[in-house]
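Chemist: If you scroll down you'll find the structure; I have some questions about it.
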Amino acid sequence: MQLAAAASIGQGMPNLSVALVPGHTGLQSKEVLRKNILEVTTDRVIGNLTTAPATAAIEKEPGARDIVVAGTLDEVNEYFIVNELSDGLPIVPPTKDRVDAFLRYTDRKADEVLGILLPDQRAATIWSIAVNGVMAGCRPEYMPVLVALIEAMADPYYGVEHSGNTPGGETLILLNGPITQELGFNYTQGVMRDGFQANTTIGRFWRLYLRNIAGFLPHKNDKATYGNNYRVVVPENEGVVKKIGWAPNSTDFGYEAGANTVTISRFTGGNHISSVSGSSPQEMMPYLAHAMVQQHNWQFLFTVGNECGGTLRPLLFLSPILAETFAAAGWTKKDIRRALWEMARVPAHHMERINREWTQKPSWNLELEVRMGRMPRVYFESTDPNRMVPIVWDPEDYMIVVTGDLGRNSAYIFAHNGVLGYPTAKEIRLPKQWQALRGAKAAGASQTAPQSIKTTKGGRKNGATS
Amino acid sequence: MTGTRIDLFEAYWPRSPRQAQIRPLAARLDSLNGKTVAQLWDYVFRGDEVFLALEEGLKQRYPDIKWVSWKEFGPTHGSDEHEVLASLAQKFRKLGVDAAISGMGC
């Protein structure tokens, strides 16, 4: 009911009528569910269809460039927290000077609209990107990355409107291109940890933007059962990728190798796959394939059926030495994808049971889906309920990124959120004055930094390749 | 605290205005008798069973109510949701739909 009430405001129908089903349908016997519908819901449905709702009004809000608070740092932060404009951490006050500094790092007009974001139906403007970037603690030179991210967020292909759904999956931002080194991102040991300004603050920016512009606030439009904290940005180690002759993740989305890109996708969970041992792909693949299956259960909803079928896109991180071991045997990402598709399989009856019985989805079976042409034939090659079926439709559905500790033989696997956060990539466009702006910043930094502290462009220099 | 400088900040609103304007809801019906009611379902939370029970309950009060099953429209949530939603107005006209019930949320 809370979600319906919150979402209806963005749709311009805050007086939309909603009928309640008592309790949770998933935990009721057939008899109890029927009783609840007949004794409670039916009357409310009748009322909603036959009684005119009250006249609607939308609450008045500030304008896009209104100063909403003036005061000390503490006072500004208190205002932002009380008015649900912050994530609970202190924010950097978005003042004119700071916002202007961000706007200098884009050639686009401040009022340009990149899209209208559901569920709040607010305009994703360059201005609002700068404001939320300041708040998150980003540096002004991160602005081109922030703009690319919101272009991706606004792409209908991604499906931002699903960001508040029950499983509470969280977006992972992948980064490719030389911007990784130029802005000082960490892309080696501890790549998913906070502690690196570019990785962390851009990750925080994403969540702030989801709150403030898209409108995903817990207890309102964000109905995650548990949720996740925002994830820090994870760049691919393109130095290693290039050294072993592999293609970076950006090329899987149609960009040239070496392009600066962001790729976003929502993941519901993930796990570290420790100590992948073996001197050949044949020795390593069984463990990786087994681990891939183990990270997925209800997510098979995104494998099957006409609701969301074929939209599962698991992500595999390989540490650099694992990638190098595969490459030494002549394997590419494509070979690993093929091996995962062939080896990461579950019994057909298991996939059906999870979706049909355990999660109470509509009646269906793999045979019907294949016969209706809604799934590939590989899902019904025999009537044997123990036949093994792949967890994704196509080998190319697997995403593979080389990142993490240079010297560890570990992997990481993310379970994907299917169509509710589909992988979407955008190119990072640098402003015409990028080099001049960067040069001026570096010169300014060298003049003002204390002698005891070494500085580099864009902050800390992290993640040099081996 | 003598000599301590206190910085003051003027902070912008971090949101942008909602683009949605108030949209009028459909006129309500005097009675459901003889009317055609569409069922829209997102294919989760046992909507198939819920609609069956609703049909039973409403039939007791409005014996002449007519239904268009959710099967006619397809899932309103998932891969094809944009296409399904875009097709509703035309389908409603074609099928003579007077009212619609959309479920299930959670």
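Each chain of the structure tokens is named A, B, ... in the order shown, its residues numbered from 1; ligands are numbered from 1 in display order.
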Quick one: contact table of chain B to chain A, 9 Å max, nearest atom pair and distance in Å to one decimal per residue, counting only C-alpha atoms, chain and number order, as a Markdown table?
Modeler:
```
| residue | atom | partner | partner_atom | distance |
| --- | --- | --- | --- | --- |
| B:Ile6 | CA | A:Thr72 | CA | 7.0 |
| B:Asp7 | CA | A:Thr72 | CA | 6.0 |
| B:Leu8 | CA | A:Thr72 | CA | 4.6 |
| B:Phe9 | CA | A:Gly71 | CA | 5.3 |
| B:Glu10 | CA | A:Ala70 | CA | 4.3 |
| B:Ala11 | CA | A:Thr95 | CA | 4.9 |
| B:Tyr12 | CA | A:Ile67 | CA | 4.3 |
| B:Trp13 | CA | A:Val68 | CA | 5.5 |
| B:Pro14 | CA | A:Val131 | CA | 5.9 |
| B:Arg15 | CA | A:Asn212 | CA | 5.3 |
| B:Ser16 | CA | A:Ala64 | CA | 4.9 |
| B:Pro17 | CA | A:Arg122 | CA | 5.7 |
| B:Arg18 | CA | A:Arg122 | CA | 4.4 |
| B:Gln19 | CA | A:Gln121 | CA | 5.5 |
| B:Ala20 | CA | A:Gly12 | CA | 5.1 |
| B:Gln21 | CA | A:Gly12 | CA | 5.2 |
| B:Ile22 | CA | A:Gly12 | CA | 4.3 |
| B:Arg23 | CA | A:Gly12 | CA | 5.3 |
| B:Pro24 | CA | A:Met13 | CA | 7.3 |
| B:Leu25 | CA | A:Met13 | CA | 7.3 |
| B:Ala26 | CA | A:Ala52 | CA | 8.9 |
| B:Ala27 | CA | A:Ala52 | CA | 7.1 |
| B:Arg28 | CA | A:Thr50 | CA | 4.9 |
| B:Leu29 | CA | A:Thr50 | CA | 4.8 |
| B:Asp30 | CA | A:Thr50 | CA | 5.7 |
| B:Ser31 | CA | A:Thr50 | CA | 6.6 |
| B:Leu32 | CA | A:Thr50 | CA | 7.8 |
| B:Asp42 | CA | A:Glu307 | CA | 8.5 |
| B:Tyr43 | CA | A:Pro362 | CA | 6.6 |
| B:Val44 | CA | A:Lys361 | CA | 5.9 |
| B:Phe45 | CA | A:Thr25 | CA | 6.1 |
| B:Arg46 | CA | A:Thr25 | CA | 6.6 |
| B:Gly47 | CA | A:Pro362 | CA | 8.8 |
| B:Asp48 | CA | A:Pro362 | CA | 7.6 |
| B:Glu49 | CA | A:Arg34 | CA | 7.9 |
| B:Val50 | CA | A:Ile37 | CA | 6.9 |
| B:Phe51 | CA | A:Ile37 | CA | 9.0 |
| B:Leu52 | CA | A:Arg34 | CA | 8.6 |
| B:Ala53 | CA | A:Arg34 | CA | 5.6 |
| B:Leu54 | CA | A:Thr42 | CA | 6.1 |
| B:Glu55 | CA | A:Thr42 | CA | 9.0 |
| B:Glu56 | CA | A:Leu38 | CA | 7.8 |
| B:Gly57 | CA | A:Leu38 | CA | 5.4 |
| B:Leu58 | CA | A:Thr42 | CA | 6.7 |
| B:Gly74 | CA | A:Glu307 | CA | 8.6 |
| B:Pro75 | CA | A:Glu307 | CA | 6.3 |
| B:Thr76 | CA | A:Glu307 | CA | 8.7 |
| B:His77 | CA | A:Glu307 | CA | 7.0 |
| B:Gly78 | CA | A:Cys308 | CA | 4.9 |
| B:Ser79 | CA | A:Cys308 | CA | 4.8 |
| B:Asp80 | CA | A:Glu307 | CA | 7.4 |
| B:Glu81 | CA | A:Glu307 | CA | 8.7 |
| B:Ala99 | CA | A:Leu49 | CA | 7.2 |
| B:Ala100 | CA | A:Leu49 | CA | 8.5 |
| B:Ile101 | CA | A:Val45 | CA | 8.0 |
| B:Gly105 | CA | A:Ala4 | CA | 7.8 |
| B:Cys106 | CA | A:His24 | CA | 7.5 |
```
Chemist: Quick one: residues within 10 Å of Leu114 in chain A, only C-alpha atoms, excluding same-chain residues fewer than 6 positions away - as a VMD selection string?
Modeler: chain A and resid 123 to 126 147 to 148 150 to 155
Chemist: I need the residues from that last selection saved to file as a PDB file, in the first residue's frame (with C-alpha atoms), if you can.
Modeler:
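So the final result, stored in result_36.pdb, reads:
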```
ATOM      1  CA  ALA A 123      13.957  15.303 -15.089  1.00  0.00           C
ATOM      2  CA  ALA A 124      17.523  14.007 -15.104  1.00  0.00           C
ATOM      3  CA  THR A 125      19.319  17.270 -15.855  1.00  0.00           C
ATOM      4  CA  ILE A 126      22.992  18.103 -16.121  1.00  0.00           C
ATOM      5  CA  VAL A 147      26.890  12.239 -16.934  1.00  0.00           C
ATOM      6  CA  ALA A 148      27.511   8.920 -18.697  1.00  0.00           C
ATOM      7  CA  ILE A 150      22.857   9.064 -15.730  1.00  0.00           C
ATOM      8  CA  GLU A 151      22.545   8.568 -19.472  1.00  0.00           C
ATOM      9  CA  ALA A 152      22.643   4.855 -18.711  1.00  0.00           C
ATOM     10  CA  MET A 153      20.215   5.213 -15.804  1.00  0.00           C
ATOM     11  CA  ALA A 154      17.767   7.015 -18.097  1.00  0.00           C
ATOM     12  CA  ASP A 155      18.008   4.407 -20.850  1.00  0.00           C
TER      13      ASP A 155
END
```
Chemist: To one decimal place, how far is CA of Leu406 in chain A from CA of Gly137 in chain A in Å?
Modeler: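 Here the two named atoms are 28.4 Å from each other.
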Chemist: As a PDB file with N, CA and C atoms, in the first residue's frame, please: every residue in chain B that DSSP puts in helix (DSSP H, G or I).
Modeler:
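Result written to out-v7.pdb:
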```
ATOM      1  N   GLY B  47      -1.726 -13.793  -8.384  1.00  0.00           N
ATOM      2  CA  GLY B  47      -2.836 -13.035  -8.961  1.00  0.00           C
ATOM      3  C   GLY B  47      -3.849 -13.909  -9.653  1.00  0.00           C
ATOM      4  N   ASP B  48      -3.407 -15.021 -10.230  1.00  0.00           N
ATOM      5  CA  ASP B  48      -4.357 -15.910 -10.909  1.00  0.00           C
ATOM      6  C   ASP B  48      -5.415 -16.420  -9.926  1.00  0.00           C
ATOM      7  N   GLU B  49      -4.984 -16.749  -8.716  1.00  0.00           N
ATOM      8  CA  GLU B  49      -5.932 -17.216  -7.705  1.00  0.00           C
ATOM      9  C   GLU B  49      -6.771 -16.055  -7.153  1.00  0.00           C
ATOM     10  N   VAL B  50      -6.120 -14.913  -7.001  1.00  0.00           N
ATOM     11  CA  VAL B  50      -6.828 -13.737  -6.478  1.00  0.00           C
ATOM     12  C   VAL B  50      -7.969 -13.341  -7.423  1.00  0.00           C
ATOM     13  N   PHE B  51      -7.697 -13.351  -8.715  1.00  0.00           N
ATOM     14  CA  PHE B  51      -8.749 -12.962  -9.671  1.00  0.00           C
ATOM     15  C   PHE B  51      -9.892 -13.982  -9.677  1.00  0.00           C
ATOM     16  N   LEU B  52      -9.563 -15.250  -9.508  1.00  0.00           N
ATOM     17  CA  LEU B  52     -10.631 -16.255  -9.441  1.00  0.00           C
ATOM     18  C   LEU B  52     -11.561 -15.976  -8.266  1.00  0.00           C
ATOM     19  N   ALA B  53     -10.950 -15.658  -7.119  1.00  0.00           N
ATOM     20  CA  ALA B  53     -11.765 -15.373  -5.927  1.00  0.00           C
ATOM     21  C   ALA B  53     -12.556 -14.076  -6.108  1.00  0.00           C
ATOM     22  N   LEU B  54     -11.938 -13.087  -6.738  1.00  0.00           N
ATOM     23  CA  LEU B  54     -12.657 -11.832  -6.989  1.00  0.00           C
ATOM     24  C   LEU B  54     -13.846 -12.054  -7.919  1.00  0.00           C
ATOM     25  N   GLU B  55     -13.639 -12.886  -8.921  1.00  0.00           N
ATOM     26  CA  GLU B  55     -14.757 -13.200  -9.829  1.00  0.00           C
ATOM     27  C   GLU B  55     -15.918 -13.791  -9.037  1.00  0.00           C
ATOM     28  N   GLU B  56     -15.576 -14.690  -8.124  1.00  0.00           N
ATOM     29  CA  GLU B  56     -16.607 -15.335  -7.309  1.00  0.00           C
ATOM     30  C   GLU B  56     -17.336 -14.311  -6.439  1.00  0.00           C
ATOM     31  N   GLY B  57     -16.559 -13.457  -5.760  1.00  0.00           N
ATOM     32  CA  GLY B  57     -17.159 -12.475  -4.858  1.00  0.00           C
ATOM     33  C   GLY B  57     -18.004 -11.449  -5.585  1.00  0.00           C
ATOM     34  N   LEU B  58     -17.522 -10.986  -6.709  1.00  0.00           N
ATOM     35  CA  LEU B  58     -18.263  -9.953  -7.445  1.00  0.00           C
ATOM     36  C   LEU B  58     -19.495 -10.522  -8.131  1.00  0.00           C
ATOM     37  N   LYS B  59     -19.402 -11.775  -8.537  1.00  0.00           N
ATOM     38  CA  LYS B  59     -20.543 -12.421  -9.198  1.00  0.00           C
ATOM     39  C   LYS B  59     -21.730 -12.511  -8.243  1.00  0.00           C
ATOM     40  N   GLN B  60     -21.424 -12.696  -6.953  1.00  0.00           N
ATOM     41  CA  GLN B  60     -22.513 -12.783  -5.975  1.00  0.00           C
ATOM     42  C   GLN B  60     -23.275 -11.462  -5.876  1.00  0.00           C
ATOM     43  N   ARG B  61     -22.541 -10.348  -6.037  1.00  0.00           N
ATOM     44  CA  ARG B  61     -23.181  -9.029  -5.908  1.00  0.00           C
ATOM     45  C   ARG B  61     -23.694  -8.504  -7.250  1.00  0.00           C
ATOM     46  N   TRP B  70      -6.900 -11.906 -17.527  1.00  0.00           N
ATOM     47  CA  TRP B  70      -5.516 -11.420 -17.639  1.00  0.00           C
ATOM     48  C   TRP B  70      -4.779 -12.116 -18.780  1.00  0.00           C
ATOM     49  N   LYS B  71      -5.221 -13.315 -19.138  1.00  0.00           N
ATOM     50  CA  LYS B  71      -4.556 -14.046 -20.225  1.00  0.00           C
ATOM     51  C   LYS B  71      -4.660 -13.294 -21.554  1.00  0.00           C
ATOM     52  N   GLU B  72      -5.668 -12.445 -21.644  1.00  0.00           N
ATOM     53  CA  GLU B  72      -5.890 -11.687 -22.877  1.00  0.00           C
ATOM     54  C   GLU B  72      -4.829 -10.612 -23.102  1.00  0.00           C
ATOM     55  N   GLU B  81       6.797  -5.655 -20.826  1.00  0.00           N
ATOM     56  CA  GLU B  81       5.844  -4.798 -20.125  1.00  0.00           C
ATOM     57  C   GLU B  81       5.525  -3.516 -20.889  1.00  0.00           C
ATOM     58  N   HIS B  82       6.531  -2.935 -21.531  1.00  0.00           N
ATOM     59  CA  HIS B  82       6.262  -1.675 -22.244  1.00  0.00           C
ATOM     60  C   HIS B  82       5.273  -1.900 -23.386  1.00  0.00           C
ATOM     61  N   GLU B  83       5.453  -2.990 -24.118  1.00  0.00           N
ATOM     62  CA  GLU B  83       4.562  -3.295 -25.226  1.00  0.00           C
ATOM     63  C   GLU B  83       3.158  -3.625 -24.713  1.00  0.00           C
ATOM     64  N   VAL B  84       3.111  -4.403 -23.635  1.00  0.00           N
ATOM     65  CA  VAL B  84       1.816  -4.789 -23.082  1.00  0.00           C
ATOM     66  C   VAL B  84       1.034  -3.560 -22.636  1.00  0.00           C
ATOM     67  N   LEU B  85       1.703  -2.673 -21.906  1.00  0.00           N
ATOM     68  CA  LEU B  85       1.012  -1.476 -21.405  1.00  0.00           C
ATOM     69  C   LEU B  85       0.583  -0.569 -22.553  1.00  0.00           C
ATOM     70  N   ALA B  86       1.438  -0.467 -23.567  1.00  0.00           N
ATOM     71  CA  ALA B  86       1.104   0.409 -24.702  1.00  0.00           C
ATOM     72  C   ALA B  86      -0.102  -0.102 -25.478  1.00  0.00           C
ATOM     73  N   LEU B  88      -2.784  -1.505 -24.218  1.00  0.00           N
ATOM     74  CA  LEU B  88      -3.995  -1.632 -23.407  1.00  0.00           C
ATOM     75  C   LEU B  88      -5.155  -0.773 -23.913  1.00  0.00           C
ATOM     76  N   ALA B  89      -4.868   0.475 -24.233  1.00  0.00           N
ATOM     77  CA  ALA B  89      -5.972   1.363 -24.617  1.00  0.00           C
ATOM     78  C   ALA B  89      -6.739   0.802 -25.812  1.00  0.00           C
ATOM     79  N   GLN B  90      -5.991   0.358 -26.802  1.00  0.00           N
ATOM     80  CA  GLN B  90      -6.639  -0.186 -28.000  1.00  0.00           C
ATOM     81  C   GLN B  90      -7.406  -1.466 -27.672  1.00  0.00           C
ATOM     82  N   LYS B  91      -6.799  -2.316 -26.855  1.00  0.00           N
ATOM     83  CA  LYS B  91      -7.472  -3.572 -26.504  1.00  0.00           C
ATOM     84  C   LYS B  91      -8.730  -3.307 -25.686  1.00  0.00           C
ATOM     85  N   PHE B  92      -8.643  -2.346 -24.794  1.00  0.00           N
ATOM     86  CA  PHE B  92      -9.823  -2.013 -23.988  1.00  0.00           C
ATOM     87  C   PHE B  92     -10.981  -1.574 -24.887  1.00  0.00           C
ATOM     88  N   ARG B  93     -10.635  -0.726 -25.864  1.00  0.00           N
ATOM     89  CA  ARG B  93     -11.699  -0.253 -26.778  1.00  0.00           C
ATOM     90  C   ARG B  93     -12.293  -1.430 -27.548  1.00  0.00           C
ATOM     91  N   LYS B  94     -11.402  -2.255 -28.059  1.00  0.00           N
ATOM     92  CA  LYS B  94     -11.842  -3.388 -28.884  1.00  0.00           C
ATOM     93  C   LYS B  94     -12.718  -4.360 -28.088  1.00  0.00           C
ATOM     94  N   LEU B  95     -12.366  -4.546 -26.837  1.00  0.00           N
ATOM     95  CA  LEU B  95     -13.070  -5.530 -26.017  1.00  0.00           C
ATOM     96  C   LEU B  95     -14.232  -4.915 -25.236  1.00  0.00           C
TER      97      LEU B  95
END
```
Chemist: What lies within 9 Å of range 285-287 of chain A using only C-alpha atoms, ignoring chain neighbours under 4 positions off, as a PyMOL selection string?
Modeler: chain A and resi 273+276-277+280-281+291-292+336+339-340+343-344
Chemist: Between B:Phe73, B:Ile65, B:Gly96, B:Thr4, single out the one closest to Gln39 in chain B, counting only C-alpha atoms.
Modeler: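 Smallest separation from Gln39 in chain B among the options: B:Phe73.
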Chemist: Determine which residues of range 19-74 of chain B receive a DSSP assignment of strand (DSSP E), computed from the backbone, and state them as a PyMOL selection string.
Modeler: chain B and resi 36-41+66-68
Chemist: Report the distance between CA of Tyr158 in chain A and CA of Pro423 in chain A in Å, rounded to one decimal place.
Modeler: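 CA of Tyr158 in chain A sits 6.4 Å away from CA of Pro423 in chain A.
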Chemist: For CA of Thr403 in chain A and CA of Arg207 in chain A, quote the distance in Å rounded to one decimal.
Modeler: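 These atoms are spaced 22.9 Å apart.
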Chemist: Given the choices B:Trp41, B:Arg5, B:Gly34, B:Ser87, which gets closest to Trp67 in chain B if the distance is worked out from only C-alpha atoms?
Modeler: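 Checking each of B:Trp41, B:Arg5, B:Gly34, B:Ser87 against Trp67 in chain B, counting only C-alpha atoms, the winner is B:Gly34.
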Chemist: Write out as a VMD selection string which residues come within 7 Å of Asp98 in chain B when counting only C-alpha atoms, dropping same-chain ones fewer than 2 positions away.
Modeler: chain B and resid 35 to 37 96
